[in-house]
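Colleague: So here's model_5.txt (compact mmCIF, C-alpha atoms).
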# COMPACT_ATOMS: atom_id res chain seq x y z
CA MET A 1013 0.00 0.00 0.00
CA LYS A 1014 1.67 3.20 -1.17
CA GLN A 1015 1.38 5.98 1.36
CA VAL A 1016 0.57 9.11 -0.59
CA THR A 1017 -2.23 11.63 -0.46
CA LYS A 1018 -3.75 11.51 -3.90
CA HIS A 1019 -7.21 12.86 -3.49
CA VAL A 1020 -7.29 16.61 -3.15
CA ILE A 1021 -10.31 18.88 -3.20
CA ARG A 1022 -10.68 19.98 -6.78
CA ASN A 1023 -10.83 23.67 -7.60
CA ASP A 1024 -14.06 23.29 -9.54
CA LEU A 1025 -15.69 21.96 -6.40
CA LYS A 1026 -14.36 24.92 -4.44
CA ARG A 1027 -15.73 27.30 -7.06
CA LEU A 1028 -19.11 25.61 -6.85
CA PHE A 1029 -19.27 26.64 -3.19
CA THR A 1030 -18.31 30.19 -4.17
CA TYR A 1031 -21.05 30.26 -6.82
CA ARG A 1032 -23.56 29.15 -4.23
CA LEU A 1033 -22.56 31.98 -1.89
CA CYS A 1034 -22.78 34.48 -4.75
CA LEU A 1035 -26.18 33.20 -5.80
CA ILE A 1036 -27.51 33.55 -2.27
CA GLY A 1037 -26.18 37.12 -2.31
CA PHE A 1038 -27.90 37.90 -5.64
CA LYS A 1039 -31.13 36.45 -4.35
CA ARG A 1040 -31.01 38.58 -1.20
CA LYS A 1041 -30.61 41.65 -3.39
CA GLY A 1042 -33.84 40.76 -5.21
CA PHE A 1043 -32.47 39.22 -8.43
CA ASP A 1044 -34.16 36.12 -9.72
CA ARG A 1045 -32.26 35.58 -12.97
CA ILE A 1046 -28.60 36.03 -13.85
CA TYR A 1047 -26.11 35.46 -16.65
CA SER A 1048 -22.90 33.51 -16.32
CA TYR A 1049 -20.90 36.73 -16.63
CA ASN A 1050 -22.76 38.23 -13.63
CA LEU A 1051 -21.93 35.20 -11.58
CA GLY A 1052 -18.37 35.11 -12.89
CA GLU A 1053 -17.78 38.75 -12.02
CA GLU A 1054 -19.10 38.19 -8.52
CA ALA A 1055 -17.05 35.03 -8.04
CA GLY A 1056 -13.90 36.48 -9.58
CA VAL A 1057 -13.75 34.13 -12.56
CA THR A 1058 -14.63 34.40 -16.25
CA ALA A 1059 -18.08 33.63 -17.63
CA GLU A 1060 -16.47 30.77 -19.58
CA GLN A 1061 -15.17 29.29 -16.35
CA VAL A 1062 -18.65 29.43 -14.83
CA ARG A 1063 -20.17 27.65 -17.83
CA LYS A 1064 -17.36 25.10 -17.89
CA ASP A 1065 -17.82 24.30 -14.20
CA PHE A 1066 -21.58 24.02 -14.65
CA SER A 1067 -20.99 21.63 -17.52
CA VAL A 1068 -18.66 19.45 -15.40
CA PHE A 1069 -21.33 19.18 -12.73
CA LYS A 1070 -24.11 18.80 -15.32
CA ILE A 1071 -25.87 22.01 -14.35
CA LYS A 1072 -27.95 23.13 -17.30
CA GLY A 1073 -28.97 26.58 -18.36
CA ASN A 1074 -29.69 28.81 -21.31
CA LYS A 1075 -26.79 30.96 -22.48
CA LYS A 1076 -29.12 33.51 -24.05
CA SER A 1077 -31.75 34.04 -21.41
CA GLY A 1078 -29.54 33.39 -18.43
CA TYR A 1079 -30.15 31.19 -15.44
CA LYS A 1080 -32.91 31.25 -12.87
CA ILE A 1081 -31.15 31.69 -9.55
CA ASN A 1082 -33.46 29.28 -7.78
CA ASP A 1083 -32.78 26.62 -10.41
CA LEU A 1084 -29.03 27.03 -10.00
CA LEU A 1085 -29.24 26.88 -6.22
CA HIS A 1086 -31.40 23.79 -6.46
CA ALA A 1087 -28.99 22.14 -8.88
CA ILE A 1088 -25.97 22.89 -6.68
CA ASN A 1089 -27.76 21.72 -3.56
CA GLU A 1090 -28.68 18.48 -5.33
CA ILE A 1091 -24.98 17.77 -5.86
CA PHE A 1092 -24.42 17.87 -2.12
CA LYS A 1093 -27.64 16.12 -1.20
CA TYR A 1094 -27.38 12.69 0.34
CA GLN A 1095 -30.02 10.26 1.46
CA HIS A 1096 -29.10 10.58 5.09
CA ASN A 1097 -27.53 13.08 7.43
CA GLN A 1098 -23.76 12.88 7.23
CA HIS A 1099 -22.18 11.76 10.48
CA VAL A 1100 -18.84 13.21 11.45
CA ILE A 1101 -16.55 12.75 14.43
CA VAL A 1102 -14.11 15.26 15.92
CA VAL A 1103 -10.82 13.93 17.27
CA GLY A 1104 -8.92 16.21 19.64
CA MET A 1105 -10.86 18.49 21.94
CA GLY A 1106 -8.52 21.46 22.24
CA ASN A 1107 -9.74 24.96 21.41
CA ILE A 1108 -10.36 24.20 17.76
CA GLY A 1109 -12.12 20.90 18.44
CA LYS A 1110 -14.35 22.54 21.03
CA ALA A 1111 -15.28 25.36 18.66
CA LEU A 1112 -16.12 22.90 15.90
CA VAL A 1113 -18.43 20.69 17.96
CA GLN A 1114 -20.33 23.85 18.89
CA TYR A 1115 -20.38 25.25 15.35
CA LYS A 1116 -24.07 25.47 14.51
CA ARG A 1117 -23.79 25.82 10.75
CA PHE A 1118 -22.80 22.21 10.16
CA ILE A 1119 -26.20 20.93 11.21
CA LEU A 1120 -27.94 23.35 8.82
CA ARG A 1121 -26.14 21.54 6.04
CA LYS A 1122 -27.08 18.14 7.52
CA MET A 1123 -23.56 17.45 8.73
CA VAL A 1124 -23.92 16.02 12.20
CA ILE A 1125 -21.07 15.64 14.66
CA VAL A 1126 -22.06 12.49 16.50
CA ALA A 1127 -19.16 12.26 18.94
CA SER A 1128 -15.79 13.70 19.82
CA PHE A 1129 -12.71 11.99 21.18
CA ASP A 1130 -9.76 12.99 23.31
CA ILE A 1131 -6.97 11.19 25.12
CA ASP A 1132 -7.29 13.59 28.04
CA PRO A 1133 -9.79 12.09 30.49
CA SER A 1134 -10.50 15.50 32.06
CA LYS A 1135 -12.02 16.69 28.80
CA GLN A 1136 -14.25 13.66 28.71
CA SER A 1137 -16.18 14.76 31.74
CA LYS A 1138 -17.08 18.10 30.21
CA ARG A 1139 -19.88 18.27 27.71
CA PHE A 1140 -20.41 20.43 24.64
CA GLY A 1141 -23.79 19.17 23.55
CA ILE A 1142 -22.15 16.03 22.15
CA PRO A 1143 -20.23 13.45 24.16
CA VAL A 1144 -16.43 13.54 24.53
CA MET A 1145 -15.26 9.95 24.52
CA PRO A 1146 -12.01 8.09 25.15
CA MET A 1147 -10.10 7.16 21.99
CA GLU A 1148 -10.74 3.46 22.59
CA MET A 1149 -14.42 3.93 21.79
CA MET A 1150 -13.76 5.35 18.35
CA GLY A 1151 -14.16 2.10 16.45
CA GLU A 1152 -17.49 1.35 18.05
CA ILE A 1153 -18.90 4.81 17.29
CA ILE A 1154 -17.63 4.83 13.69
CA LYS A 1155 -19.34 1.50 13.13
CA LYS A 1156 -22.56 2.38 14.94
CA PHE A 1157 -23.11 5.70 13.14
CA HIS A 1158 -21.57 4.68 9.80
CA VAL A 1159 -19.09 7.54 10.08
CA LYS A 1160 -16.89 8.13 7.03
CA VAL A 1161 -15.49 11.56 7.84
CA ALA A 1162 -13.39 12.78 10.77
CA ILE A 1163 -12.21 16.23 11.73
CA LEU A 1164 -8.66 15.91 13.04
CA ALA A 1165 -7.80 18.59 15.60
CA VAL A 1166 -5.08 16.90 17.64
CA PRO A 1167 -1.59 18.34 18.25
CA ASP A 1168 0.77 17.92 15.30
CA ILE A 1169 2.93 15.41 17.15
CA SER A 1170 0.07 12.88 17.31
CA ALA A 1171 -1.64 13.75 14.03
CA GLN A 1172 -0.13 10.99 11.87
CA ASP A 1173 -0.71 8.26 14.47
CA THR A 1174 -4.28 9.40 14.93
CA ALA A 1175 -4.83 9.50 11.17
CA ASN A 1176 -3.55 5.92 10.93
CA ILE A 1177 -6.07 4.84 13.56
CA LEU A 1178 -8.89 6.68 11.78
CA VAL A 1179 -8.09 4.98 8.48
CA ASP A 1180 -7.83 1.59 10.18
CA GLN A 1181 -11.28 2.14 11.68
CA GLY A 1182 -12.85 2.84 8.30
CA ILE A 1183 -12.67 6.62 7.98
CA THR A 1184 -12.21 7.65 4.31
CA GLY A 1185 -12.20 11.45 4.60
CA ILE A 1186 -10.23 13.66 6.98
CA LEU A 1187 -10.52 17.40 7.50
CA ASN A 1188 -7.13 18.06 9.07
CA PHE A 1189 -6.35 21.07 11.26
CA ALA A 1190 -2.93 19.78 12.39
CA PRO A 1191 0.01 21.45 10.60
CA VAL A 1192 1.28 18.15 9.23
CA ILE A 1193 1.28 16.55 5.78
CA LEU A 1194 -0.57 13.33 6.55
CA LYS A 1195 0.39 10.09 4.83
CA VAL A 1196 -2.69 8.11 4.00
CA PRO A 1197 -3.58 5.41 1.48
CA ASP A 1198 -4.56 6.46 -2.05
CA ASP A 1199 -8.27 6.10 -1.53
CA ILE A 1200 -8.47 8.46 1.44
CA ILE A 1201 -9.26 12.16 0.96
CA VAL A 1202 -7.48 14.64 3.19
CA SER A 1203 -8.25 18.35 3.21
CA ASN A 1204 -6.00 20.61 5.29
CA ILE A 1205 -6.88 23.82 7.08
CA ASN A 1206 -3.72 25.40 8.43
CA LEU A 1207 -4.79 28.42 10.46
CA CYS A 1208 -1.26 29.81 10.88
CA ASP A 1209 -0.57 29.61 7.15
CA GLU A 1210 -3.87 31.28 6.36
CA LEU A 1211 -3.20 34.16 8.71
CA GLU A 1212 0.41 34.46 7.62
CA SER A 1213 -0.66 34.64 3.96
CA VAL A 1214 -2.89 37.61 4.68
CA ILE A 1215 -0.12 39.30 6.66
CA TYR A 1216 2.33 38.66 3.81
CA TYR A 1217 0.13 40.58 1.39
CA THR A 1218 -0.48 43.50 3.70
CA GLN A 1219 3.26 43.80 4.30
CA LYS A 1220 4.83 43.02 0.97
CA VAL A 1221 2.43 43.51 -1.87
CA MET A 1222 0.85 46.87 -1.16
CA MET B 1488 -14.06 53.17 -5.70
CA LYS B 1489 -14.84 49.85 -7.36
CA GLN B 1490 -15.97 47.24 -4.88
CA VAL B 1491 -14.30 44.02 -5.91
CA THR B 1492 -12.01 41.60 -4.20
CA LYS B 1493 -8.96 41.55 -6.39
CA HIS B 1494 -6.22 40.28 -4.15
CA VAL B 1495 -6.39 36.58 -3.57
CA ILE B 1496 -3.83 34.34 -1.93
CA ARG B 1497 -1.70 33.03 -4.74
CA ASN B 1498 -1.19 29.31 -5.13
CA ASP B 1499 2.58 29.63 -5.17
CA LEU B 1500 2.39 31.19 -1.73
CA LYS B 1501 0.20 28.32 -0.54
CA ARG B 1502 2.68 25.81 -1.93
CA LEU B 1503 5.51 27.58 -0.12
CA PHE B 1504 3.74 26.79 3.15
CA THR B 1505 3.37 23.17 2.05
CA TYR B 1506 7.07 22.99 1.19
CA ARG B 1507 7.91 24.31 4.64
CA LEU B 1508 5.80 21.62 6.30
CA CYS B 1509 7.42 18.94 4.13
CA LEU B 1510 10.91 20.23 4.90
CA ILE B 1511 10.22 20.14 8.63
CA GLY B 1512 9.04 16.55 8.13
CA PHE B 1513 12.22 15.58 6.23
CA LYS B 1514 14.36 17.18 8.90
CA ARG B 1515 12.59 15.27 11.66
CA LYS B 1516 13.33 12.07 9.78
CA GLY B 1517 17.04 12.90 9.83
CA PHE B 1518 17.56 14.19 6.29
CA ASP B 1519 19.71 17.26 5.85
CA ARG B 1520 19.78 17.53 2.06
CA ILE B 1521 17.09 16.94 -0.56
CA TYR B 1522 16.41 17.29 -4.27
CA SER B 1523 13.51 19.19 -5.76
CA TYR B 1524 11.90 15.92 -6.85
CA ASN B 1525 11.93 14.64 -3.24
CA LEU B 1526 10.21 17.78 -2.10
CA GLY B 1527 7.82 17.71 -5.06
CA GLU B 1528 6.83 14.12 -4.39
CA GLU B 1529 6.17 14.93 -0.73
CA ALA B 1530 4.19 18.06 -1.58
CA GLY B 1531 2.27 16.45 -4.42
CA VAL B 1532 3.70 18.61 -7.23
CA THR B 1533 6.35 18.13 -9.91
CA ALA B 1534 10.03 18.90 -9.36
CA GLU B 1535 9.70 21.58 -12.04
CA GLN B 1536 6.93 23.24 -10.04
CA VAL B 1537 9.14 23.27 -6.95
CA ARG B 1538 12.02 24.90 -8.85
CA LYS B 1539 9.67 27.38 -10.50
CA ASP B 1540 8.18 28.40 -7.15
CA PHE B 1541 11.64 28.74 -5.63
CA SER B 1542 12.65 30.93 -8.54
CA VAL B 1543 9.59 33.19 -8.07
CA PHE B 1544 10.51 33.67 -4.43
CA LYS B 1545 14.23 33.97 -5.25
CA ILE B 1546 15.20 30.85 -3.31
CA LYS B 1547 18.49 29.60 -4.70
CA GLY B 1548 19.87 26.10 -4.86
CA ASN B 1549 21.95 23.72 -6.86
CA LYS B 1550 20.06 21.47 -9.21
CA LYS B 1551 22.81 18.84 -9.18
CA SER B 1552 23.70 18.56 -5.54
CA GLY B 1553 20.28 19.32 -4.17
CA TYR B 1554 19.30 21.73 -1.44
CA LYS B 1555 20.34 21.88 2.17
CA ILE B 1556 17.11 21.61 4.14
CA ASN B 1557 18.22 24.18 6.69
CA ASP B 1558 19.05 26.66 3.92
CA LEU B 1559 15.62 26.18 2.38
CA LEU B 1560 13.83 26.58 5.70
CA HIS B 1561 15.86 29.68 6.41
CA ALA B 1562 15.06 31.13 2.98
CA ILE B 1563 11.34 30.46 3.36
CA ASN B 1564 11.28 31.87 6.87
CA GLU B 1565 13.04 35.00 5.63
CA ILE B 1566 10.14 35.60 3.23
CA PHE B 1567 7.74 35.72 6.16
CA LYS B 1568 10.04 37.57 8.49
CA TYR B 1569 9.09 41.08 9.47
CA GLN B 1570 10.84 43.62 11.62
CA HIS B 1571 8.16 43.51 14.26
CA ASN B 1572 5.60 41.11 15.62
CA GLN B 1573 2.47 41.25 13.51
CA HIS B 1574 -0.54 42.53 15.40
CA VAL B 1575 -3.92 41.08 14.61
CA ILE B 1576 -7.42 41.68 15.97
CA VAL B 1577 -10.32 39.25 16.14
CA VAL B 1578 -13.81 40.58 15.52
CA GLY B 1579 -16.70 38.43 16.73
CA MET B 1580 -16.26 36.33 19.84
CA GLY B 1581 -18.47 33.36 19.07
CA ASN B 1582 -17.07 29.83 19.22
CA ILE B 1583 -14.64 30.36 16.37
CA GLY B 1584 -13.42 33.74 17.66
CA LYS B 1585 -12.88 32.30 21.12
CA ALA B 1586 -10.89 29.35 19.74
CA LEU B 1587 -8.69 31.64 17.65
CA VAL B 1588 -7.74 34.01 20.46
CA GLN B 1589 -6.66 30.94 22.42
CA TYR B 1590 -4.81 29.35 19.49
CA LYS B 1591 -1.22 29.13 20.70
CA ARG B 1592 0.46 28.54 17.37
CA PHE B 1593 -0.04 32.11 16.12
CA ILE B 1594 2.39 33.50 18.67
CA LEU B 1595 5.07 30.98 17.67
CA ARG B 1596 4.98 32.59 14.25
CA LYS B 1597 5.08 36.08 15.79
CA MET B 1598 1.45 36.78 14.98
CA VAL B 1599 0.00 38.42 18.05
CA ILE B 1600 -3.70 38.90 18.66
CA VAL B 1601 -3.74 42.18 20.55
CA ALA B 1602 -7.49 42.51 21.13
CA SER B 1603 -10.85 41.06 20.26
CA PHE B 1604 -14.17 42.79 19.73
CA ASP B 1605 -17.81 41.89 20.10
CA ILE B 1606 -21.10 43.75 20.12
CA ASP B 1607 -22.38 41.54 22.94
CA PRO B 1608 -21.46 43.22 26.22
CA SER B 1609 -21.74 39.94 28.13
CA LYS B 1610 -18.76 38.57 26.17
CA GLN B 1611 -16.74 41.62 27.07
CA SER B 1612 -16.68 40.74 30.72
CA LYS B 1613 -15.19 37.33 30.07
CA ARG B 1614 -11.49 37.06 29.38
CA PHE B 1615 -9.49 34.75 27.16
CA GLY B 1616 -6.01 36.00 27.90
CA ILE B 1617 -6.64 39.00 25.68
CA PRO B 1618 -9.27 41.68 26.26
CA VAL B 1619 -12.70 41.53 24.60
CA MET B 1620 -13.66 45.11 23.77
CA PRO B 1621 -16.73 46.93 22.52
CA MET B 1622 -16.73 47.63 18.78
CA GLU B 1623 -16.43 51.37 19.40
CA MET B 1624 -12.87 50.93 20.62
CA MET B 1625 -11.69 49.27 17.43
CA GLY B 1626 -10.34 52.41 15.80
CA GLU B 1627 -8.29 53.30 18.82
CA ILE B 1628 -6.73 49.84 19.12
CA ILE B 1629 -5.98 49.58 15.39
CA LYS B 1630 -4.16 52.91 15.58
CA LYS B 1631 -2.36 52.20 18.82
CA PHE B 1632 -1.01 48.77 17.77
CA HIS B 1633 -0.59 49.56 14.04
CA VAL B 1634 -2.90 46.66 13.20
CA LYS B 1635 -3.24 45.85 9.51
CA VAL B 1636 -4.93 42.44 9.70
CA ALA B 1637 -8.25 41.38 11.21
CA ILE B 1638 -9.82 37.98 11.64
CA LEU B 1639 -13.53 38.30 10.92
CA ALA B 1640 -15.62 35.77 12.84
CA VAL B 1641 -18.97 37.55 13.09
CA PRO B 1642 -22.30 36.07 11.92
CA ASP B 1643 -22.81 36.27 8.14
CA ILE B 1644 -25.57 38.86 8.48
CA SER B 1645 -23.16 41.45 9.93
CA ALA B 1646 -20.00 40.40 8.05
CA GLN B 1647 -20.17 42.99 5.25
CA ASP B 1648 -20.96 45.90 7.59
CA THR B 1649 -18.14 44.86 9.90
CA ALA B 1650 -15.74 44.52 6.96
CA ASN B 1651 -16.65 48.06 5.88
CA ILE B 1652 -15.83 49.36 9.35
CA LEU B 1653 -12.52 47.45 9.38
CA VAL B 1654 -11.49 48.93 6.05
CA ASP B 1655 -12.52 52.42 7.16
CA GLN B 1656 -10.35 52.02 10.23
CA GLY B 1657 -7.28 51.13 8.20
CA ILE B 1658 -7.32 47.33 8.06
CA THR B 1659 -5.85 46.09 4.76
CA GLY B 1660 -6.08 42.30 5.24
CA ILE B 1661 -9.02 40.20 6.41
CA LEU B 1662 -9.12 36.50 7.24
CA ASN B 1663 -12.84 35.89 6.90
CA PHE B 1664 -14.70 33.01 8.53
CA ALA B 1665 -18.18 34.31 7.66
CA PRO B 1666 -19.81 32.47 4.74
CA VAL B 1667 -20.15 35.66 2.71
CA ILE B 1668 -18.36 37.05 -0.34
CA LEU B 1669 -17.10 40.35 1.07
CA LYS B 1670 -16.98 43.44 -1.13
CA VAL B 1671 -13.88 45.43 -0.37
CA PRO B 1672 -11.76 47.99 -2.24
CA ASP B 1673 -9.15 46.75 -4.70
CA ASP B 1674 -6.22 47.18 -2.36
CA ILE B 1675 -7.62 45.00 0.43
CA ILE B 1676 -6.75 41.32 0.67
CA VAL B 1677 -9.47 38.93 1.80
CA SER B 1678 -8.88 35.26 2.46
CA ASN B 1679 -11.89 33.09 3.23
CA ILE B 1680 -12.14 30.01 5.41
CA ASN B 1681 -15.56 28.47 5.05
CA LEU B 1682 -15.74 25.59 7.52
CA CYS B 1683 -18.99 24.19 6.16
CA ASP B 1684 -17.67 24.14 2.61
CA GLU B 1685 -14.47 22.47 3.74
CA LEU B 1686 -16.30 19.74 5.58
CA GLU B 1687 -18.86 19.32 2.82
CA SER B 1688 -16.05 18.93 0.24
CA VAL B 1689 -14.57 16.04 2.17
CA ILE B 1690 -17.99 14.44 2.56
CA TYR B 1691 -18.62 14.87 -1.17
CA TYR B 1692 -15.53 12.82 -2.01
CA THR B 1693 -16.25 10.08 0.49
CA GLN B 1694 -19.78 9.75 -0.89
CA LYS B 1695 -19.44 10.29 -4.61
CA VAL B 1696 -15.93 9.65 -5.81
CA MET B 1697 -14.99 6.41 -4.13
Would you kindly transcribe this structure into structure tokens?
Modeller:
Amino acid sequence: MKQVTKHVIRNDLKRLFTYRLCLIGFKRKGFDRIYSYNLGEEAGVTAEQVRKDFSVFKIKGNKKSGYKINDLLHAINEIFKYQHNQHVIVVGMGNIGKALVQYKRFILRKMVIVASFDIDPSKQSKRFGIPVMPMEMMGEIIKKFHVKVAILAVPDISAQDTANILVDQGITGILNFAPVILKVPDDIIVSNINLCDELESVIYYTQKVM
Amino acid sequence: MKQVTKHVIRNDLKRLFTYRLCLIGFKRKGFDRIYSYNLGEEAGVTAEQVRKDFSVFKIKGNKKSGYKINDLLHAINEIFKYQHNQHVIVVGMGNIGKALVQYKRFILRKMVIVASFDIDPSKQSKRFGIPVMPMEMMGEIIKKFHVKVAILAVPDISAQDTANILVDQGITGILNFAPVILKVPDDIIVSNINLCDELESVIYYTQKVM
């Protein structure tokens, strides 16, 4: 089994999320129909890019008369619609983990954090709406709730070991907050959010570019 | 003043952060010298891409004998080295805001959160190591600490208004956690972290691709 991260979040998928945000914005402003160049301008891409992305995701429209915003929103939502709520676990109940289990927007999108895990027994006594469990119970919970996705918010030093356990237990997607390049099998998707890098990028531009 | 977000975090900058993580990983494993193809393989890009990125950021090396890892790390760190600590404010002290002001890694990279702000007076009495202040004091703090960068963690409904205030007060870089496409002047950099989109992307792959 070769240990490389092959699956990365594609840019067209990321743009789809941007389009959705833009469409919600247009709708709020009272629009009910738009052209691809309106959406492109708002999203910071060309009209061609918008149409290309729509074509990839099989979103149909009429080039001449534009798109109905509600139709587009419906089409995009269909792409992310699953038969059941999506169960997620959080591993590592530091500040980030705690914030995520309390983050109310996930549930609005039918993403349900069913349990969280931490090696520190003192955290397990506290409650954040969802139970904090010892690591040993992970396998049982993953099985019981058919969990495929884990949010990894452990310290960097234990991130790889924890990722190995997650994969062994049947997790196939990891949203990783640890500043570590995880090694996982080919068929596992890892998406990284590195808060320091994100903040440092913004600082870089304010200091060097302007 | 045209209201578009023009400055986006460039991909080469993002890759530079990835290279740094990989280099730290190599170093931990005991390597002290690597070739661009080693780094490329680890970072998931081609060796040519690595050399191209290094060239953009004026990082020098010897194609034949490889790079000394310490030299590379030093060169990358120099790019993000500033004369002073970088002062940052957090606006919105919900779960995410609270987690960020307590996030210890920022300070290791000399990014210092000097104050946080919230419209809810009840949050202002609580303390998270740094003061939580009323919004009215923002201008004073930004001036006093020469703050250029703000982390925006307010609810989506107030994100644009808050961004307008930030820009008026002299902020030139925003790390935005609100699920909103912010309209800012051309010379302002906005970087978005949309936690729902990130999680939903991972779910998408575990459900549809595999």
Colleague: For chain B, which residue out of A:Met1105, A:Leu1194, A:Ile1201, A:Ile1177 is the nearest one, using all atoms listed in the file?
Modeller: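 Among the listed residues, A:Ile1201 lies closest to chain B.
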Colleague: Quick check: residues of chain B within 7 Å of chain A, all atoms listed in the file, returned as a tab-separated table (two decimals) with C-alpha atoms, in the frame of the given file.
Modeller:
chain	number	residue	atom	x	y	z
B	1496	ILE	CA	-3.83	34.34	-1.93
B	1504	PHE	CA	3.74	26.79	3.15
B	1508	LEU	CA	5.80	21.62	6.30
B	1509	CYS	CA	7.42	18.94	4.13
B	1567	PHE	CA	7.74	35.72	6.16
B	1582	ASN	CA	-17.07	29.83	19.22
B	1583	ILE	CA	-14.64	30.36	16.37
B	1586	ALA	CA	-10.89	29.35	19.74
B	1589	GLN	CA	-6.66	30.94	22.42
B	1590	TYR	CA	-4.81	29.35	19.49
B	1592	ARG	CA	0.46	28.54	17.37
B	1593	PHE	CA	-0.04	32.11	16.12
B	1635	LYS	CA	-3.24	45.85	9.51
B	1636	VAL	CA	-4.93	42.44	9.70
B	1659	THR	CA	-5.85	46.09	4.76
B	1660	GLY	CA	-6.08	42.30	5.24
B	1661	ILE	CA	-9.02	40.20	6.41
B	1662	LEU	CA	-9.12	36.50	7.24
B	1667	VAL	CA	-20.15	35.66	2.71
B	1668	ILE	CA	-18.36	37.05	-0.34
B	1676	ILE	CA	-6.75	41.32	0.67
B	1678	SER	CA	-8.88	35.26	2.46
B	1683	CYS	CA	-18.99	24.19	6.16
B	1684	ASP	CA	-17.67	24.14	2.61
B	1686	LEU	CA	-16.30	19.74	5.58
B	1688	SER	CA	-16.05	18.93	0.24
B	1689	VAL	CA	-14.57	16.04	2.17
B	1690	ILE	CA	-17.99	14.44	2.56
B	1691	TYR	CA	-18.62	14.87	-1.17
B	1692	TYR	CA	-15.53	12.82	-2.01
B	1693	THR	CA	-16.25	10.08	0.49
Colleague: Rounded to one decimal place, report the CA of Tyr1047 in chain A-CA of Pro1672 in chain B distance in Å.
Modeller: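 Interatomic distance here is 23.9 Å.
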Colleague: Between CA of Gly1527 in chain B and CA of Arg1027 in chain A, measure the distance and give it in Å to one decimal.
Modeller: 25.5 Å
Colleague: Give me the residues within 9 Å of range 1618-1622 of chain B as a VMD selection string, counting only C-alpha atoms and dropping any in the same chain fewer than 5 places off.
Modeller: chain B and resid 1578 1580 1601 to 1608 1610 to 1613
Colleague: Using all atoms listed in the file, determine which residues lie at most 10 Å from range 1071-1074 of chain A, disregarding the query and same-chain residues fewer than 2 positions distant; provide the list as a ChimeraX atom specification.
Modeller: /A:1047-1048,1063-1069,1076-1080,1083-1084,1086-1088,1091
Colleague: Need the shell around Leu1560 in chain B: protein/DNA/RNA residues with any atom at most 8 Å away, counting only C-alpha atoms. Skip same-chain ones fewer than 3 positions apart. Format as a list in words?
Modeller: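 My reading of the contact set: Arg1507, Leu1510, Ile1511, Ile1556, Asn1557, Ile1563 and Asn1564 of chain B.
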Colleague: Nearest to Gly1141 in chain A: which of A:Ala1175, A:Val1062, A:Val1124, A:Val1166 is it, counting all atoms listed in the file?
Modeller: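 Answer, going by the shortest atom-to-atom distance: A:Val1124.
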Colleague: So the first atom is CA of Val1159 in chain A and the second is CA of Gly1182 in chain A; what is the distance between them in Å, to one decimal place?
Modeller: 8.0 Å
